[in-house]
Number of protein chains: 2
Amino acid sequence: MWRDRRILDLFGIEHPLILAPMAGSGGPALAVEVARAGGLASLPCALLTPGTVAREVETVRHEAAGPVNLNFFCHRLPDPDDPRAGAWARRIGERYGVPPSPPEGPSRLPFDEAACALVEAVRPEVASFHFGLPEPALLERVKVTGARVIASATTVEEAVWLAERGVDAVIAQGAEAGGHRGMFLDEAVASQIGTLSLVPLVADAVPVPVIAAGGIADGRGMAAALMLGASAVQVGTAFLRSPEALTGAVHRKALALAGAGDTAITNVLTGRPARGILTRFVHEMGPMNPEAAPFPLAAAAIAGLRRAHEDRGSADFSPAWAGQSFPLARDEPAGETAARIVAEARALLGV
Amino acid sequence: MWRDRRILDLFGIEHPLILAPMAGSGGPALAVEVARAGGLASLPCALLTPGTVAREVETVRHEAAGPVNLNFFCHRLPDPDDPRAGAWARRIGERYGVPPSPPEGPSRLPFDEAACALVEAVRPEVASFHFGLPEPALLERVKVTGARVIASATTVEEAVWLAERGVDAVIAQGAEAGGHRGMFLDEAVASQIGTLSLVPLVADAVPVPVIAAGGIADGRGMAAALMLGASAVQVGTAFLRSPEALTGAVHRKALALAGAGDTAITNVLTGRPARGILTRFVHEMGPMNPEAAPFPLAAAAIAGLRRAHEDRGSADFSPAWAGQSFPLARDEPAGETAARIVAEARALLGV
């Protein structure tokens with residue numbers, strides 16, 4: 001069986017496979033399937049109210065044994081009067097001939113008092129964070145609940161920063177990964193590091209176990225990541241097309257139609273760098289644009305366009321998050337995907 | 001021993017380790033050490049005259065048994081009157097207060113009649129190509145010599161294109177790789193694919209064996225690449241600091257001083273995208289700049305600045321090529337590096 005048991009013992013799971021928490025595409029049905037396959041069930045919370053999260057945790061615990069991981073964003077909210085927000089909205093409005101959307105309130109909330117109270121109430125076995133960590137007092141309250149704390153690093157410096165603040169494991173998020181880059185000390189998208197380089201560098205730099213993320217969508221990727229020194233893998237894109245995922249229709253269509261290399265890291269969809277399919281808006285305004293409104297306000301600037309185009313079946317203005325291994329994702333029940341990845345990796349590793 | 005013998009049998013080598021041909025840093029002494037360790041000796045030819053290459057091949061064959069790989073570039077020469085060349089040189093001259101260098105003749109020549117005659121004369125066991133393939137008549141002459149032909153792909157589309165033209169193996173060059181990107185059908189640097197994603201996608205798409213390149217600098221990387229479906233690995237950056245490499249003093253200093261994530265793909269040093277340490281000129285004019293003179297003329301535009309700064313021990317205007325795993329490179333004899341990588345990989349794989 002698995003040679004490195006550090007993450008297995010830390011979380012109490014059977015296989016070193018963690019469902020990536022994908023805001024907008026993940027959800028309780030997907031989490032249940034991965035938990036039943038022996039992996040870690042993760043729920044993305046950044047877009048949900050505490051009440052919704054509590055109900056989802058209840059569903060997962062009712063349907064499957066095993067631990068639950070709640071994932072939160074730790075960004076700072078932008079100044080609502082930030083001039084870039086209005087300027088960006090006007091530019092979008094002029095270019096695409098629509099009335100400028102007024103800057104809306106942020107749809108993605110950082111981990112705050114309410115989220116911390118939720119963690120204290122539902123007591124997830126694992127709490128994971130993206131874009132850094134909660135402020136120290138809140139982080140301490142999370143730890144007091146007994147939750148294992150993990151967080152994403154995209155550089156060695158970020159990994160060391162997280163380890164110094166007491167995380168139980170570091171997620172080394174390579175540049176192949178879909179969705180938002182976890183980067184929080186660094187803004188240099190052009191220097192983001194591929195998984196094959198990042199995992200060994202992080203494993204050498206921190207005393208805690210490393211979870212590899214980015215580009216892992218089958219057993220070959222899982223086996224490779226364990227060879228690199230990871231104690232477990234985090235897999236998201238491989239599940240995007242499963243019936244249990246909440247991936248929207250235009251997102252699924254974009255995944256099915258894109259050419260093998262058609263992703264890029266873009267900030268024009270939300271204001272922070274995130275990897276997705278190169279849709280029309282990303283082509284025309286990005287992929288990286290220094291004038292994009294700060295996260296998450298850039299999402300509000302295209303909300304109307306997005307709705308209008310999605311109603312016509314088009315992903316032109318939608319985020320279609322995808323890692324670089326998205327061509328390996330299948331229309332397949334999530335439980336089968338998880339079991340297949342584990343079985344393939346075990347066969348390759350001879351364990 | 002190694003489970004997949006396709007590349008071993010194709011080239012007649014003991015271990016699936018190919019020395020990356022690094023123009024400017026490779027050379028016969030490095031090739032000899034890798035050959036003696038059981039890998040494939042590669043000589044970068046793009047910066048050398050045929051006479052020099054012939055002498056280097058003689059040296060390698062005298063010092064070590066085993067096959068030799070000659071590597072060539074297959075770019076198209078730019079129009080010497082291309083207005084971008086003069087405009088770029090003037091811009092550099094104004095910004096840095098130096099007289100604009102007149103556009104010089106290209107220092108890097110594509111594979112041509114003279115190079116083909118060299119191959120016919122020295123009959124290397126392997127010929128490898130970057131930036132595509134030679135024109136069909138020349139490629140046919142190379143094949144008639146009995147040389148195995150390999151070439152770099154940075155996308156699935158490029159890999160399929162190469163396989164359709166009869167290469168014996170495809171080098172899947174992931175985005176982590178140091179030096180010039182082999183890209184030739186695609187110009188979208190932002191969409192270049194990490195090794196962990198690229199190798200399985202290419203292995204699924206072509207019938208020939210795949211050589212993984214990019215981010216492989218120790219046995220962990222080698223073992224991981226073989227798990228991904230590669231039949232061999234190509235390693236360059238791990239050897240950059242060895243005493244046998246021709247890596248210049250300022251390049252070595254840049255490698256020793258840079259932070260772990262301080263590389264980017266830049267076109268301002270030569271005109272084509274290549275990964276290196278983020279030196280001053282790359283910071284100030286790049287990393288990617290749409291106005292850079294076409295390859296290889298951008299190198300001429302900074303030749304004077306480069307010489308002047310190198311004379312003072314500064315890499316500010318020098319290419320300091322490096323893959324993203326450069327922190328794993330050691331000041332270590334190349335033969336020890338090669339043997340160590342192989343031994344580490346075998347231990348991890350249990351072969």
# chains A, B, ... in the order shown; residues from 1 in each chain; ligands from 1
>>> closest_atom_pairs(of="chain A", to="chain B", cutoff="7 Å", atoms="only C-alpha atoms", output="tab-separated table")
residue	atom	partner	partner_atom	distance
A:Thr155	CA	B:Gly261	CA	6.5
A:Val156	CA	B:Ala260	CA	6.7
A:Glu176	CA	B:Gly194	CA	5.9
A:Ala190	CA	B:Ala264	CA	5.7
A:Ser191	CA	B:Ala264	CA	5.0
A:Ile193	CA	B:Gln324	CA	6.6
A:Gly194	CA	B:Gly194	CA	5.5
A:Thr195	CA	B:Leu196	CA	6.7
A:Leu196	CA	B:Gly215	CA	5.9
A:Ser197	CA	B:Gly215	CA	5.0
A:Gly215	CA	B:Ser197	CA	5.0
A:Arg220	CA	B:Leu228	CA	4.8
A:Gly221	CA	B:Leu228	CA	6.1
A:Ala223	CA	B:Met227	CA	6.2
A:Ala224	CA	B:Ala224	CA	3.9
A:Ala225	CA	B:Ala224	CA	6.6
A:Met227	CA	B:Ala224	CA	5.3
A:Leu228	CA	B:Arg220	CA	4.8
A:Ala260	CA	B:Val156	CA	6.7
A:Gly261	CA	B:Ser191	CA	6.3
A:Asp262	CA	B:Ser191	CA	6.5
A:Thr263	CA	B:Ser191	CA	5.7
A:Ala264	CA	B:Ser191	CA	5.0
A:Gln324	CA	B:Ser197	CA	5.9
A:Ser325	CA	B:Ser197	CA	5.1
A:Leu348	CA	B:Met227	CA	6.8
>>> residues_around(residues="segment 67-83 of chain A", least_positions_apart="2", cutoff="7 Å", atoms="only C-alpha atoms", output="tab-separated table (two decimals) with N, CA and C atoms, in the first residue's frame")
chain	number	residue	atom	x	y	z
A	11	PHE	N	-5.25	13.15	7.89
A	11	PHE	CA	-6.66	13.42	7.61
A	11	PHE	C	-7.56	12.24	7.95
A	12	GLY	N	-6.98	11.04	8.03
A	12	GLY	CA	-7.83	9.86	8.22
A	12	GLY	C	-8.52	9.45	6.94
A	21	PRO	N	-11.26	21.83	-4.16
A	21	PRO	CA	-12.50	22.58	-3.95
A	21	PRO	C	-12.67	23.60	-5.07
A	40	LEU	N	-10.40	12.61	0.03
A	40	LEU	CA	-10.88	13.67	0.93
A	40	LEU	C	-11.95	14.49	0.24
A	41	ALA	N	-13.12	14.58	0.89
A	41	ALA	CA	-14.24	15.36	0.39
A	41	ALA	C	-14.00	16.83	0.68
A	42	SER	N	-14.01	17.65	-0.35
A	42	SER	CA	-13.79	19.08	-0.16
A	42	SER	C	-15.00	19.85	-0.65
A	43	LEU	N	-15.34	20.89	0.10
A	43	LEU	CA	-16.45	21.76	-0.29
A	43	LEU	C	-15.93	23.19	-0.45
A	44	PRO	N	-16.14	23.78	-1.62
A	44	PRO	CA	-15.75	25.18	-1.82
A	44	PRO	C	-16.77	26.10	-1.17
A	45	CYS	N	-16.32	27.01	-0.32
A	45	CYS	CA	-17.24	27.84	0.46
A	45	CYS	C	-17.24	29.30	0.06
A	46	ALA	N	-16.33	29.72	-0.83
A	46	ALA	CA	-16.15	31.15	-1.07
A	46	ALA	C	-17.38	31.82	-1.66
A	85	ALA	N	-12.14	49.98	-10.64
A	85	ALA	CA	-13.39	49.23	-10.82
A	85	ALA	C	-14.31	49.97	-11.79
A	86	GLY	N	-14.50	51.26	-11.54
A	86	GLY	CA	-15.37	52.03	-12.42
A	86	GLY	C	-14.80	52.16	-13.82
A	87	ALA	N	-13.50	52.41	-13.91
A	87	ALA	CA	-12.88	52.59	-15.22
A	87	ALA	C	-12.98	51.31	-16.05
A	110	PRO	N	-14.06	36.95	1.78
A	110	PRO	CA	-12.93	36.32	2.46
A	110	PRO	C	-13.37	35.67	3.75
A	111	PHE	N	-12.50	34.81	4.25
A	111	PHE	CA	-12.76	34.13	5.53
A	111	PHE	C	-12.86	35.18	6.63
A	124	PRO	N	-15.27	20.96	10.71
A	124	PRO	CA	-14.73	20.11	9.64
A	124	PRO	C	-13.40	19.51	10.09
A	125	GLU	N	-13.09	18.33	9.59
A	125	GLU	CA	-11.81	17.70	9.94
A	125	GLU	C	-10.63	18.46	9.33
A	126	VAL	N	-10.89	19.12	8.19
A	126	VAL	CA	-9.83	19.87	7.50
A	126	VAL	C	-10.39	21.22	7.08
A	127	ALA	N	-9.57	22.27	7.26
A	127	ALA	CA	-9.90	23.58	6.70
A	127	ALA	C	-8.77	23.97	5.76
A	128	SER	N	-9.14	24.36	4.53
A	128	SER	CA	-8.10	24.74	3.57
A	128	SER	C	-8.32	26.18	3.12
A	129	PHE	N	-7.19	26.84	2.84
A	129	PHE	CA	-7.25	28.27	2.52
A	129	PHE	C	-6.50	28.57	1.24
A	130	HIS	N	-7.03	29.56	0.52
A	130	HIS	CA	-6.46	29.99	-0.75
A	130	HIS	C	-6.20	31.49	-0.64
A	131	PHE	N	-5.14	31.98	-1.25
A	131	PHE	CA	-4.72	33.39	-1.17
A	131	PHE	C	-4.17	33.71	0.22
A	132	GLY	N	-3.44	32.78	0.81
A	132	GLY	CA	-2.85	33.05	2.12
A	132	GLY	C	-3.61	32.38	3.24
A	133	LEU	N	-3.60	33.01	4.40
A	133	LEU	CA	-4.25	32.46	5.60
A	133	LEU	C	-5.14	33.52	6.23
A	134	PRO	N	-6.10	33.10	7.06
A	134	PRO	CA	-6.91	34.07	7.80
A	134	PRO	C	-6.02	34.88	8.76
A	294	PRO	N	-9.96	45.21	-9.50
A	294	PRO	CA	-9.44	44.29	-8.48
A	294	PRO	C	-10.45	43.19	-8.14
>>> residues_around(residues="Glu58 of chain B", least_positions_apart="3", cutoff="12 Å", atoms="only C-alpha atoms", output="PyMOL selection string")
chain B and resi 28-29+31-32+43+51-55+61-65+67-68+121-124
>>> write_last_selection(atoms="C-alpha atoms", output="PDB file, in the first residue's frame")
ATOM      1  CA  PRO B  28      32.322  18.218 -25.689  1.00  0.00           C
ATOM      2  CA  ALA B  29      33.547  17.923 -22.092  1.00  0.00           C
ATOM      3  CA  ALA B  31      28.907  15.413 -23.510  1.00  0.00           C
ATOM      4  CA  VAL B  32      31.770  13.051 -22.696  1.00  0.00           C
ATOM      5  CA  LEU B  43      26.341  18.705 -28.852  1.00  0.00           C
ATOM      6  CA  GLY B  51      34.438  22.589 -38.782  1.00  0.00           C
ATOM      7  CA  THR B  52      34.142  23.189 -35.050  1.00  0.00           C
ATOM      8  CA  VAL B  53      31.335  20.669 -34.730  1.00  0.00           C
ATOM      9  CA  ALA B  54      33.388  18.048 -36.576  1.00  0.00           C
ATOM     10  CA  ARG B  55      36.300  18.538 -34.159  1.00  0.00           C
ATOM     11  CA  ARG B  61      34.145   9.822 -29.829  1.00  0.00           C
ATOM     12  CA  HIS B  62      37.756   9.649 -28.741  1.00  0.00           C
ATOM     13  CA  GLU B  63      36.950  10.128 -25.062  1.00  0.00           C
ATOM     14  CA  ALA B  64      33.788   8.065 -24.663  1.00  0.00           C
ATOM     15  CA  ALA B  65      31.991   5.161 -26.240  1.00  0.00           C
ATOM     16  CA  PRO B  67      26.269   7.491 -29.658  1.00  0.00           C
ATOM     17  CA  VAL B  68      26.443  11.225 -30.350  1.00  0.00           C
ATOM     18  CA  ALA B 121      30.300  13.512 -43.102  1.00  0.00           C
ATOM     19  CA  VAL B 122      30.344  12.778 -39.362  1.00  0.00           C
ATOM     20  CA  ARG B 123      27.244  10.540 -39.308  1.00  0.00           C
ATOM     21  CA  PRO B 124      25.982  11.188 -35.783  1.00  0.00           C
TER      22      PRO B 124
END
>>> atom_distance(atom1="atom CA of Ala212 of chain B", atom2="atom CA of Asn267 of chain B")
23.2 Å
>>> atom_distance(atom1="atom CA of His180 of chain A", atom2="atom CA of Thr145 of chain A")
27.4 Å
>>> atom_distance(atom1="atom CA of Ile211 of chain B", atom2="atom CA of Arg6 of chain B")
10.5 Å
>>> select_by_dssp(residues="segment 158-283 of chain A", states="helix (DSSP H, G or I)", output="PyMOL selection string")
chain A and resi 158-164+189-191+195-205+219-227+237-239+249-257+280-283
>>> write_last_selection(atoms="N, CA and C atoms", output="compact mmCIF listing (two decimals), in the first residue's frame")
# COMPACT_ATOMS: atom_id res chain seq x y z
N GLU A 158 6.21 31.27 -0.58
CA GLU A 158 4.87 31.14 0.00
C GLU A 158 4.77 29.87 0.85
N ALA A 159 5.38 28.80 0.40
CA ALA A 159 5.33 27.54 1.17
C ALA A 159 6.00 27.71 2.53
N VAL A 160 7.15 28.37 2.54
CA VAL A 160 7.86 28.58 3.80
C VAL A 160 7.04 29.49 4.72
N TRP A 161 6.44 30.52 4.15
CA TRP A 161 5.59 31.45 4.92
C TRP A 161 4.45 30.69 5.59
N LEU A 162 3.82 29.79 4.85
CA LEU A 162 2.70 29.02 5.40
C LEU A 162 3.19 28.07 6.50
N ALA A 163 4.31 27.40 6.24
CA ALA A 163 4.82 26.45 7.23
C ALA A 163 5.19 27.18 8.53
N GLU A 164 5.74 28.37 8.39
CA GLU A 164 6.11 29.14 9.59
C GLU A 164 4.89 29.54 10.42
N VAL A 189 2.93 36.62 -12.52
CA VAL A 189 2.32 35.47 -13.18
C VAL A 189 3.31 34.80 -14.13
N ALA A 190 4.16 35.59 -14.81
CA ALA A 190 5.10 35.02 -15.78
C ALA A 190 6.14 34.12 -15.12
N SER A 191 6.29 34.21 -13.81
CA SER A 191 7.27 33.38 -13.11
C SER A 191 6.63 32.22 -12.35
N THR A 195 4.31 22.28 -11.90
CA THR A 195 4.22 21.30 -10.81
C THR A 195 5.48 20.44 -10.69
N LEU A 196 6.04 20.03 -11.84
CA LEU A 196 7.21 19.16 -11.81
C LEU A 196 8.40 19.83 -11.12
N SER A 197 8.52 21.13 -11.26
CA SER A 197 9.59 21.86 -10.57
C SER A 197 9.18 22.23 -9.15
N LEU A 198 7.93 22.64 -8.98
CA LEU A 198 7.52 23.21 -7.69
C LEU A 198 7.51 22.19 -6.56
N VAL A 199 7.00 21.00 -6.83
CA VAL A 199 6.83 20.03 -5.75
C VAL A 199 8.15 19.65 -5.08
N PRO A 200 9.19 19.28 -5.84
CA PRO A 200 10.46 18.96 -5.16
C PRO A 200 11.05 20.17 -4.42
N LEU A 201 10.95 21.35 -5.01
CA LEU A 201 11.50 22.54 -4.35
C LEU A 201 10.78 22.81 -3.04
N VAL A 202 9.47 22.67 -3.03
CA VAL A 202 8.70 22.89 -1.80
C VAL A 202 8.97 21.78 -0.79
N ALA A 203 9.03 20.54 -1.28
CA ALA A 203 9.28 19.42 -0.36
C ALA A 203 10.63 19.57 0.34
N ASP A 204 11.61 20.14 -0.36
CA ASP A 204 12.92 20.35 0.25
C ASP A 204 12.91 21.52 1.24
N ALA A 205 11.92 22.40 1.12
CA ALA A 205 11.97 23.66 1.87
C ALA A 205 11.11 23.68 3.13
N GLY A 219 -3.96 8.55 -13.36
CA GLY A 219 -3.02 7.87 -12.48
C GLY A 219 -1.57 8.15 -12.81
N ARG A 220 -1.29 8.48 -14.09
CA ARG A 220 0.09 8.85 -14.43
C ARG A 220 0.51 10.10 -13.67
N GLY A 221 -0.36 11.08 -13.65
CA GLY A 221 -0.04 12.30 -12.93
C GLY A 221 0.06 12.07 -11.44
N MET A 222 -0.84 11.23 -10.90
CA MET A 222 -0.79 10.95 -9.47
C MET A 222 0.51 10.24 -9.11
N ALA A 223 0.88 9.22 -9.88
CA ALA A 223 2.12 8.49 -9.60
C ALA A 223 3.33 9.42 -9.72
N ALA A 224 3.32 10.27 -10.74
CA ALA A 224 4.43 11.20 -10.94
C ALA A 224 4.57 12.15 -9.74
N ALA A 225 3.44 12.66 -9.27
CA ALA A 225 3.49 13.61 -8.15
C ALA A 225 4.05 12.95 -6.90
N LEU A 226 3.70 11.69 -6.66
CA LEU A 226 4.23 11.00 -5.48
C LEU A 226 5.74 10.78 -5.64
N MET A 227 6.21 10.50 -6.88
CA MET A 227 7.65 10.38 -7.12
C MET A 227 8.38 11.69 -6.83
N THR A 237 -9.73 19.31 -12.08
CA THR A 237 -10.16 19.32 -13.47
C THR A 237 -10.69 17.96 -13.94
N ALA A 238 -10.09 16.87 -13.45
CA ALA A 238 -10.51 15.53 -13.88
C ALA A 238 -11.99 15.28 -13.57
N PHE A 239 -12.54 16.03 -12.58
CA PHE A 239 -13.94 15.82 -12.17
C PHE A 239 -14.91 16.82 -12.79
N ALA A 249 -23.51 24.39 -18.13
CA ALA A 249 -23.60 23.83 -19.49
C ALA A 249 -22.58 24.48 -20.42
N VAL A 250 -22.42 25.80 -20.36
CA VAL A 250 -21.49 26.44 -21.30
C VAL A 250 -20.04 26.10 -20.93
N HIS A 251 -19.78 25.90 -19.66
CA HIS A 251 -18.46 25.49 -19.20
C HIS A 251 -18.15 24.09 -19.74
N ARG A 252 -19.11 23.19 -19.61
CA ARG A 252 -18.91 21.83 -20.14
C ARG A 252 -18.67 21.86 -21.65
N LYS A 253 -19.42 22.70 -22.34
CA LYS A 253 -19.25 22.78 -23.79
C LYS A 253 -17.86 23.31 -24.13
N ALA A 254 -17.41 24.32 -23.38
CA ALA A 254 -16.08 24.88 -23.65
C ALA A 254 -15.00 23.82 -23.44
N LEU A 255 -15.15 22.99 -22.39
CA LEU A 255 -14.18 21.93 -22.13
C LEU A 255 -14.17 20.90 -23.26
N ALA A 256 -15.35 20.62 -23.78
CA ALA A 256 -15.45 19.58 -24.81
C ALA A 256 -14.90 20.07 -26.15
N LEU A 257 -14.99 21.36 -26.41
CA LEU A 257 -14.64 21.87 -27.74
C LEU A 257 -13.23 22.44 -27.84
N ARG A 280 -13.71 33.97 -25.62
CA ARG A 280 -13.64 35.22 -26.40
C ARG A 280 -13.18 36.41 -25.56
N PHE A 281 -13.76 36.59 -24.40
CA PHE A 281 -13.42 37.75 -23.58
C PHE A 281 -11.96 37.70 -23.13
N VAL A 282 -11.48 36.51 -22.82
CA VAL A 282 -10.07 36.36 -22.41
C VAL A 282 -9.15 36.68 -23.58
N HIS A 283 -9.51 36.23 -24.76
CA HIS A 283 -8.74 36.56 -25.97
C HIS A 283 -8.70 38.07 -26.18
>>> select_by_dssp(residues="segment 102-206 of chain A", states="strand (DSSP E)", output="list in words")
Val126, Ala127, Ser128, Phe129, His130, Arg148, Val149, Ile150, Ala151, Ser152, Ala153, Ala169, Val170, Ile171, Ala172, Gln173, Gly179 and His180 of chain A
